[in-house]
$ cat coords_12.cif   # mmCIF, C-alpha atoms
data_query
#
loop_
_atom_site.label_atom_id
_atom_site.label_comp_id
_atom_site.auth_asym_id
_atom_site.auth_seq_id
_atom_site.Cartn_x
_atom_site.Cartn_y
_atom_site.Cartn_z
CA MET A 1 79.34 103.72 111.58
CA THR A 2 79.52 103.53 115.35
CA ASP A 3 81.15 101.02 117.64
CA GLY A 4 79.24 99.05 120.27
CA GLN A 5 81.91 99.67 122.92
CA ALA A 6 82.38 103.37 122.11
CA PRO A 7 79.25 104.85 120.45
CA TYR A 8 81.08 107.66 118.72
CA LEU A 9 83.88 105.70 117.08
CA ARG A 10 83.68 105.76 113.30
CA ILE A 11 84.86 102.66 111.44
CA HIS A 12 86.07 103.12 107.87
CA TYR A 13 85.60 100.22 105.46
CA HIS A 14 85.69 99.18 101.81
CA VAL A 15 83.29 96.74 100.16
CA GLU A 16 83.76 95.19 96.73
CA GLY A 17 82.18 92.38 94.72
CA ARG A 18 79.09 90.22 94.88
CA GLY A 19 78.48 86.81 96.37
CA PRO A 20 79.05 85.19 99.77
CA ASP A 21 80.44 87.65 102.32
CA VAL A 22 84.09 87.67 103.36
CA LEU A 23 85.38 89.89 106.18
CA LEU A 24 89.10 90.78 106.09
CA ILE A 25 90.80 91.90 109.33
CA HIS A 26 94.24 93.51 109.16
CA GLY A 27 97.08 93.24 111.66
CA TRP A 28 99.01 95.57 113.95
CA SER A 29 100.15 98.91 112.43
CA SER A 30 98.36 98.08 109.17
CA SER A 31 95.01 98.97 107.59
CA ARG A 32 92.40 97.65 105.19
CA ARG A 33 94.83 98.53 102.40
CA MET A 34 96.87 95.39 103.11
CA TRP A 35 94.13 93.50 101.20
CA GLN A 36 93.84 95.87 98.24
CA HIS A 37 95.82 93.72 95.80
CA LEU A 38 93.83 90.59 96.76
CA THR A 39 90.26 91.87 96.83
CA PRO A 40 89.83 92.64 93.09
CA ALA A 41 90.42 88.97 92.25
CA LEU A 42 88.54 87.63 95.28
CA ALA A 43 85.63 89.99 94.55
CA ARG A 44 84.90 88.13 91.32
CA THR A 45 83.22 85.42 93.38
CA HIS A 46 82.65 87.01 96.82
CA ARG A 47 81.59 90.26 98.46
CA CYS A 48 84.70 91.44 100.28
CA TRP A 49 84.52 93.68 103.34
CA SER A 50 87.80 95.16 104.59
CA LEU A 51 87.73 97.53 107.55
CA ASP A 52 90.17 99.76 109.37
CA LEU A 53 90.22 98.67 112.99
CA PRO A 54 89.84 101.46 115.58
CA GLY A 55 93.16 103.26 115.88
CA PHE A 56 94.29 102.49 112.33
CA GLY A 57 93.84 103.72 108.78
CA ASP A 58 90.94 106.15 108.42
CA SER A 59 88.98 104.93 111.45
CA ASP A 60 88.73 106.93 114.65
CA LYS A 61 91.69 106.84 117.03
CA PRO A 62 90.50 106.24 120.61
CA GLY A 63 92.64 107.03 123.62
CA ASP A 64 95.38 104.82 124.99
CA ASP A 65 93.16 103.12 127.58
CA TRP A 66 90.58 101.87 125.03
CA TYR A 67 92.60 99.07 123.50
CA SER A 68 91.97 95.40 124.23
CA ILE A 69 91.34 92.37 122.06
CA PRO A 70 87.77 91.95 123.43
CA LYS A 71 87.01 95.56 122.45
CA PHE A 72 88.43 94.99 118.96
CA THR A 73 86.28 91.85 118.70
CA ALA A 74 83.20 93.72 119.87
CA SER A 75 83.88 96.41 117.27
CA VAL A 76 84.08 93.83 114.49
CA ARG A 77 80.94 92.04 115.72
CA HIS A 78 79.05 95.35 115.84
CA PHE A 79 80.26 96.10 112.31
CA MET A 80 78.84 92.76 111.16
CA GLU A 81 75.51 93.46 112.85
CA THR A 82 75.29 96.96 111.39
CA MET A 83 76.04 95.71 107.87
CA GLY A 84 73.68 92.77 108.18
CA LEU A 85 76.40 90.14 107.85
CA ASP A 86 74.61 87.16 109.35
CA GLN A 87 76.85 84.54 107.75
CA VAL A 88 80.42 85.47 106.86
CA ALA A 89 83.80 83.93 106.20
CA VAL A 90 86.50 85.68 108.23
CA VAL A 91 90.14 86.17 107.23
CA GLY A 92 92.58 87.67 109.74
CA HIS A 93 96.28 88.44 109.60
CA SER A 94 98.61 88.60 112.65
CA MET A 95 96.77 90.64 115.31
CA GLY A 96 93.76 90.39 113.01
CA GLY A 97 94.15 86.62 113.27
CA MET A 98 93.94 86.87 117.06
CA ILE A 99 90.77 88.95 116.74
CA ALA A 100 89.36 86.51 114.19
CA LEU A 101 89.96 83.57 116.55
CA ASP A 102 88.19 85.38 119.37
CA LEU A 103 85.33 86.34 117.05
CA ALA A 104 84.91 82.79 115.71
CA SER A 105 84.72 81.48 119.27
CA ALA A 106 82.27 84.12 120.53
CA SER A 107 80.09 84.22 117.38
CA ALA A 108 80.25 80.65 116.15
CA ASP A 109 76.77 80.91 114.64
CA ARG A 110 77.88 83.71 112.29
CA VAL A 111 81.38 82.66 111.18
CA THR A 112 81.05 80.08 108.41
CA ARG A 113 84.76 79.70 107.58
CA LEU A 114 87.90 80.97 109.27
CA VAL A 115 91.31 81.73 107.75
CA VAL A 116 94.14 82.96 109.99
CA ILE A 117 97.43 84.06 108.44
CA ASN A 118 100.50 84.14 110.70
CA PRO A 119 98.18 84.61 113.69
CA VAL A 120 99.18 85.81 117.14
CA VAL A 121 97.71 83.47 119.76
CA THR A 122 99.41 83.80 123.14
CA GLY A 123 100.95 87.29 123.41
CA ARG A 124 104.27 85.71 124.38
CA ALA A 125 106.99 87.35 126.45
CA TYR A 126 108.73 89.02 123.52
CA LEU A 127 105.50 90.81 122.63
CA ARG A 128 104.92 91.67 126.27
CA ALA A 129 108.32 93.30 126.55
CA PHE A 130 107.68 95.41 123.44
CA ALA A 131 104.11 96.34 124.26
CA ARG A 132 104.82 97.55 127.79
CA LEU A 133 107.44 100.03 126.64
CA ARG A 134 106.05 103.55 126.87
CA PRO A 135 108.31 105.77 124.76
CA ARG A 136 107.42 109.41 124.57
CA ALA A 137 104.86 110.15 121.87
CA SER A 138 107.20 112.75 120.35
CA LEU A 139 109.93 110.13 119.89
CA LEU A 140 107.53 107.73 118.19
CA GLN A 141 106.27 110.55 115.99
CA ARG A 142 109.84 111.28 114.89
CA THR A 143 110.15 107.60 114.01
CA HIS A 144 107.03 107.99 111.86
CA GLU A 145 108.49 111.00 110.09
CA LEU A 146 111.86 109.34 109.55
CA SER A 147 110.14 106.29 108.07
CA ARG A 148 108.22 108.47 105.64
CA ARG A 149 111.29 110.52 104.73
CA LEU A 150 113.61 107.57 104.06
CA ILE A 151 111.38 104.83 102.70
CA HIS A 152 108.76 106.65 100.66
CA PRO A 153 111.17 108.24 98.11
CA VAL A 154 112.68 104.82 97.44
CA VAL A 155 109.45 102.91 96.89
CA ARG A 156 107.92 105.72 94.81
CA HIS A 157 110.86 105.75 92.40
CA PRO A 158 109.95 104.37 88.92
CA LEU A 159 112.49 101.57 89.35
CA SER A 160 110.55 100.28 92.36
CA THR A 161 108.11 98.59 89.99
CA THR A 162 110.88 96.16 89.04
CA LEU A 163 111.41 95.06 92.63
CA ASN A 164 109.77 92.08 94.27
CA ASN A 165 106.39 92.50 95.94
CA GLY A 166 107.80 92.54 99.48
CA VAL A 167 109.93 95.62 98.70
CA ARG A 168 107.31 97.40 96.59
CA TYR A 169 104.75 97.21 99.37
CA LEU A 170 107.09 98.75 101.95
CA GLY A 171 105.69 102.16 101.06
CA ARG A 172 102.16 101.16 101.94
CA ARG A 173 103.31 99.58 105.20
CA ALA A 174 105.31 102.68 106.16
CA GLU A 175 102.38 104.95 105.38
CA ASP A 176 99.96 102.81 107.39
CA PHE A 177 102.39 102.93 110.31
CA THR A 178 102.47 106.72 110.20
CA ARG A 179 98.66 106.99 109.92
CA ALA A 180 98.28 105.23 113.25
CA THR A 181 98.91 107.24 116.41
CA PRO A 182 101.52 106.50 119.07
CA GLU A 183 98.62 105.73 121.43
CA SER A 184 97.01 103.26 119.02
CA LEU A 185 100.30 101.50 118.30
CA LEU A 186 101.25 101.15 121.95
CA GLY A 187 97.73 100.45 123.16
CA SER A 188 97.09 97.72 120.60
CA GLY A 189 100.52 96.25 121.30
CA ARG A 190 99.62 95.92 124.95
CA ALA A 191 96.25 94.47 123.95
CA ILE A 192 98.05 91.68 122.09
CA ALA A 193 100.41 91.06 124.97
CA ASP A 194 97.58 90.92 127.52
CA PHE A 195 95.42 88.42 125.63
CA ASP A 196 95.71 84.65 125.34
CA ALA A 197 93.50 83.08 122.68
CA ARG A 198 94.29 79.50 123.62
CA PRO A 199 91.17 78.99 125.79
CA THR A 200 88.99 79.99 122.81
CA LEU A 201 90.45 77.55 120.30
CA THR A 202 88.48 74.43 121.21
CA HIS A 203 85.22 76.42 121.02
CA ILE A 204 85.71 77.27 117.35
CA THR A 205 83.36 75.23 115.16
CA ALA A 206 83.95 76.86 111.78
CA PRO A 207 86.18 74.99 109.32
CA THR A 208 89.57 76.64 109.84
CA LEU A 209 92.61 77.17 107.64
CA VAL A 210 95.95 78.26 109.14
CA ILE A 211 98.45 79.82 106.72
CA LEU A 212 102.04 80.37 107.86
CA GLY A 213 105.08 81.99 106.31
CA LYS A 214 108.06 79.76 107.04
CA PHE A 215 110.36 82.77 107.47
CA ASP A 216 108.05 84.95 109.56
CA ALA A 217 110.39 87.01 111.77
CA GLN A 218 107.61 88.73 113.73
CA VAL A 219 105.30 85.97 114.95
CA PRO A 220 106.71 82.49 115.68
CA ASN A 221 105.24 79.72 113.55
CA SER A 222 104.56 77.90 116.81
CA GLU A 223 101.61 80.27 117.34
CA GLY A 224 99.90 79.04 114.19
CA HIS A 225 100.73 75.44 115.02
CA LEU A 226 98.78 75.89 118.27
CA VAL A 227 95.71 76.79 116.23
CA ALA A 228 96.18 73.87 113.87
CA ALA A 229 96.56 71.47 116.80
CA GLN A 230 93.70 72.71 118.99
CA VAL A 231 90.95 73.91 116.64
CA PRO A 232 88.92 70.86 115.66
CA ASN A 233 89.70 69.69 112.11
CA ALA A 234 91.87 72.71 111.30
CA ARG A 235 94.04 72.59 108.18
CA LEU A 236 97.61 73.93 108.03
CA LEU A 237 99.54 75.30 105.04
CA VAL A 238 103.14 76.57 105.27
CA TYR A 239 104.69 78.69 102.52
CA THR A 240 108.17 79.94 101.77
CA ALA A 241 107.37 83.50 102.77
CA GLY A 242 107.61 86.00 105.62
CA HIS A 243 105.12 87.72 107.89
CA ALA A 244 103.47 89.69 105.06
CA ILE A 245 102.66 86.59 103.04
CA THR A 246 99.77 88.38 101.34
CA ASP A 247 102.35 90.74 99.83
CA ASP A 248 104.92 88.05 99.13
CA ARG A 249 102.53 85.64 97.37
CA PRO A 250 99.26 87.44 96.58
CA GLY A 251 98.20 85.21 93.69
CA GLU A 252 98.52 82.04 95.73
CA MET A 253 96.75 83.60 98.69
CA VAL A 254 93.73 84.52 96.53
CA ARG A 255 93.55 81.00 95.12
CA VAL A 256 93.94 79.25 98.47
CA ILE A 257 91.47 81.51 100.30
CA ARG A 258 88.86 81.30 97.53
CA ASP A 259 89.15 77.51 97.33
CA PHE A 260 88.79 77.17 101.10
CA ILE A 261 85.88 79.53 101.70
CA GLY A 262 83.98 78.20 98.70
#

$ encode --input "coords_12.cif" --output "structure tokens"
Amino acid sequence: MTDGQAPYLRIHYHVEGRGPDVLLIHGWSSSRRMWQHLTPALARTHRCWSLDLPGFGDSDKPGDDWYSIPKFTASVRHFMETMGLDQVAVVGHSMGGMIALDLASASADRVTRLVVINPVVTGRAYLRAFARLRPRASLLQRTHELSRRLIHPVVRHPLSTTLNNGVRYLGRRAEDFTRATPESLLGSGRAIADFDARPTLTHITAPTLVILGKFDAQVPNSEGHLVAAQVPNARLLVYTAGHAITDDRPGEMVRVIRDFIG
């Protein structure tokens, strides 16, 4: 499909199940595959749409100057319009949570329920410092290759099936990282750093659930607490988990999300 902001961008997606529509938005350096061990169970009661955001997975990779949260939001909204998703529950993780917050504010008539998991809200200074670094593309590419060379053999070993979920899913995360481009990683990082979702929070009318991993080392829990405090009637759940809580506790995430979105 095409993107409303860039007519020739192709967006790759996966759809599974029947029932009320649920749209799943991945985070930075990830892809739709972060949901692949949740959607089979969730698809028993819902129609699950998971997409690769521009710059990630199998979607088109625009140039460095394309990236901004409003453009990501416009891409998702255009996807919804193209697929005829008039009423949809939205689930976003990390950067995807930031996009989901912006979407729920701008398209309140279409978002029926909102779930944000370890969301980025403010693009705080630590993100700003990271995002404004401009390492040479060749250096970042070597990092990609090193990640693939060192991590993939470990997680593909037969013994990896005996490890906990967080370790077993490292292979998928490393591969998603390498499928992005240096431009998409840096551009989307700057997009996070340059956006502040706080002004949108009070405009969100959809029932909202905030899910946090107590030991998230990438996004401070204080970001999610902002959502819980400022979105009207938002609900907050905190788990003993890290940033990739959907990998750490997939069974619980399916149950909690399904119960909330109805």

$ closest_residue --input "coords_12.cif" --among "A:His46, A:His93, A:Arg258, A:His78" --to "Leu24 in chain A" --atoms "all atoms listed in the file"
A:His93

$ residues_around --input "coords_12.cif" --residues "Thr208 in chain A" --least-positions-apart "5" --cutoff "8 Å" --atoms "only C-alpha atoms" --output "ChimeraX atom specification"
/A:113-116,231,233-235

$ atom_distance --input "coords_12.cif" --atom1 "CA of Asp247 in chain A" --atom2 "CA of Val90 in chain A"
18.6 Å

$ resolve_selection --input "coords_12.cif" --expression "the PyMOL selection byres ((chain A and resi 216-222) around 9)" --output "list of chain:residue names"
A:Ser94, A:Asn118, A:Pro119, A:Val120, A:Leu212, A:Gly213, A:Lys214, A:Phe215, A:Glu223, A:Gly224, A:His225, A:Leu226, A:Val227, A:Ala241, A:Gly242, A:His243, A:Ala244, A:Ile245

$ write_last_selection --input "coords_12.cif" --atoms "C-alpha atoms" --output "short mmCIF file (atom, residue, chain, number, x, y, z; two decimals), keeping the file's coordinate frame"
data_model
loop_
_atom_site.label_atom_id
_atom_site.label_comp_id
_atom_site.auth_asym_id
_atom_site.auth_seq_id
_atom_site.Cartn_x
_atom_site.Cartn_y
_atom_site.Cartn_z
CA SER A 94 98.61 88.60 112.65
CA ASN A 118 100.50 84.14 110.70
CA PRO A 119 98.18 84.61 113.69
CA VAL A 120 99.18 85.81 117.14
CA LEU A 212 102.04 80.37 107.86
CA GLY A 213 105.08 81.99 106.31
CA LYS A 214 108.06 79.76 107.04
CA PHE A 215 110.36 82.77 107.47
CA GLU A 223 101.61 80.27 117.34
CA GLY A 224 99.90 79.04 114.19
CA HIS A 225 100.73 75.44 115.02
CA LEU A 226 98.78 75.89 118.27
CA VAL A 227 95.71 76.79 116.23
CA ALA A 241 107.37 83.50 102.77
CA GLY A 242 107.61 86.00 105.62
CA HIS A 243 105.12 87.72 107.89
CA ALA A 244 103.47 89.69 105.06
CA ILE A 245 102.66 86.59 103.04
#

$ closest_residue --input "coords_12.cif" --among "A:Ala191, A:Ile117, A:Ala174, A:Ala180" --to "Val238 in chain A" --atoms "all atoms listed in the file"
A:Ile117

$ resolve_selection --input "coords_12.cif" --expression "the PyMOL selection byres ((chain A and resi 254) around 10)" --output "ChimeraX atom specification"
/A:37-43,246,249-253,255-260

$ resolve_selection --input "coords_12.cif" --expression "the PyMOL selection byres ((chain A and resi 73) around 12)" --output "short mmCIF file (atom, residue, chain, number, x, y, z; two decimals) with C-alpha atoms, in the coordinates of the input"
data_model
loop_
_atom_site.label_atom_id
_atom_site.label_comp_id
_atom_site.auth_asym_id
_atom_site.auth_seq_id
_atom_site.Cartn_x
_atom_site.Cartn_y
_atom_site.Cartn_z
CA ASP A 3 81.15 101.02 117.64
CA GLY A 4 79.24 99.05 120.27
CA GLN A 5 81.91 99.67 122.92
CA ILE A 25 90.80 91.90 109.33
CA LEU A 53 90.22 98.67 112.99
CA PRO A 54 89.84 101.46 115.58
CA TYR A 67 92.60 99.07 123.50
CA SER A 68 91.97 95.40 124.23
CA ILE A 69 91.34 92.37 122.06
CA PRO A 70 87.77 91.95 123.43
CA LYS A 71 87.01 95.56 122.45
CA PHE A 72 88.43 94.99 118.96
CA ALA A 74 83.20 93.72 119.87
CA SER A 75 83.88 96.41 117.27
CA VAL A 76 84.08 93.83 114.49
CA ARG A 77 80.94 92.04 115.72
CA HIS A 78 79.05 95.35 115.84
CA PHE A 79 80.26 96.10 112.31
CA MET A 80 78.84 92.76 111.16
CA GLY A 92 92.58 87.67 109.74
CA MET A 95 96.77 90.64 115.31
CA GLY A 96 93.76 90.39 113.01
CA GLY A 97 94.15 86.62 113.27
CA MET A 98 93.94 86.87 117.06
CA ILE A 99 90.77 88.95 116.74
CA ALA A 100 89.36 86.51 114.19
CA LEU A 101 89.96 83.57 116.55
CA ASP A 102 88.19 85.38 119.37
CA LEU A 103 85.33 86.34 117.05
CA ALA A 104 84.91 82.79 115.71
CA SER A 105 84.72 81.48 119.27
CA ALA A 106 82.27 84.12 120.53
CA SER A 107 80.09 84.22 117.38
CA ALA A 191 96.25 94.47 123.95
CA PHE A 195 95.42 88.42 125.63
#

$ atom_distance --input "coords_12.cif" --atom1 "CA of Ser29 in chain A" --atom2 "CA of Ile211 in chain A"
20.0 Å

$ atom_distance --input "coords_12.cif" --atom1 "CA of Leu236 in chain A" --atom2 "CA of Ile261 in chain A"
14.5 Å

$ residues_around --input "coords_12.cif" --residues "Pro62 in chain A" --least-positions-apart "3" --cutoff "9 Å" --atoms "all atoms listed in the file" --output "number ranges by chain"
A: 6, 9, 54-55, 65-67, 183-184

$ residues_around --input "coords_12.cif" --residues "Pro232 in chain A" --least-positions-apart "6" --cutoff "10 Å" --atoms "only C-alpha atoms" --output "PyMOL selection string"
chain A and resi 201-208

$ closest_residue --input "coords_12.cif" --among "A:Gly57, A:Leu23, A:Glu16, A:Leu51" --to "Glu175 in chain A" --atoms "all atoms listed in the file"
A:Gly57
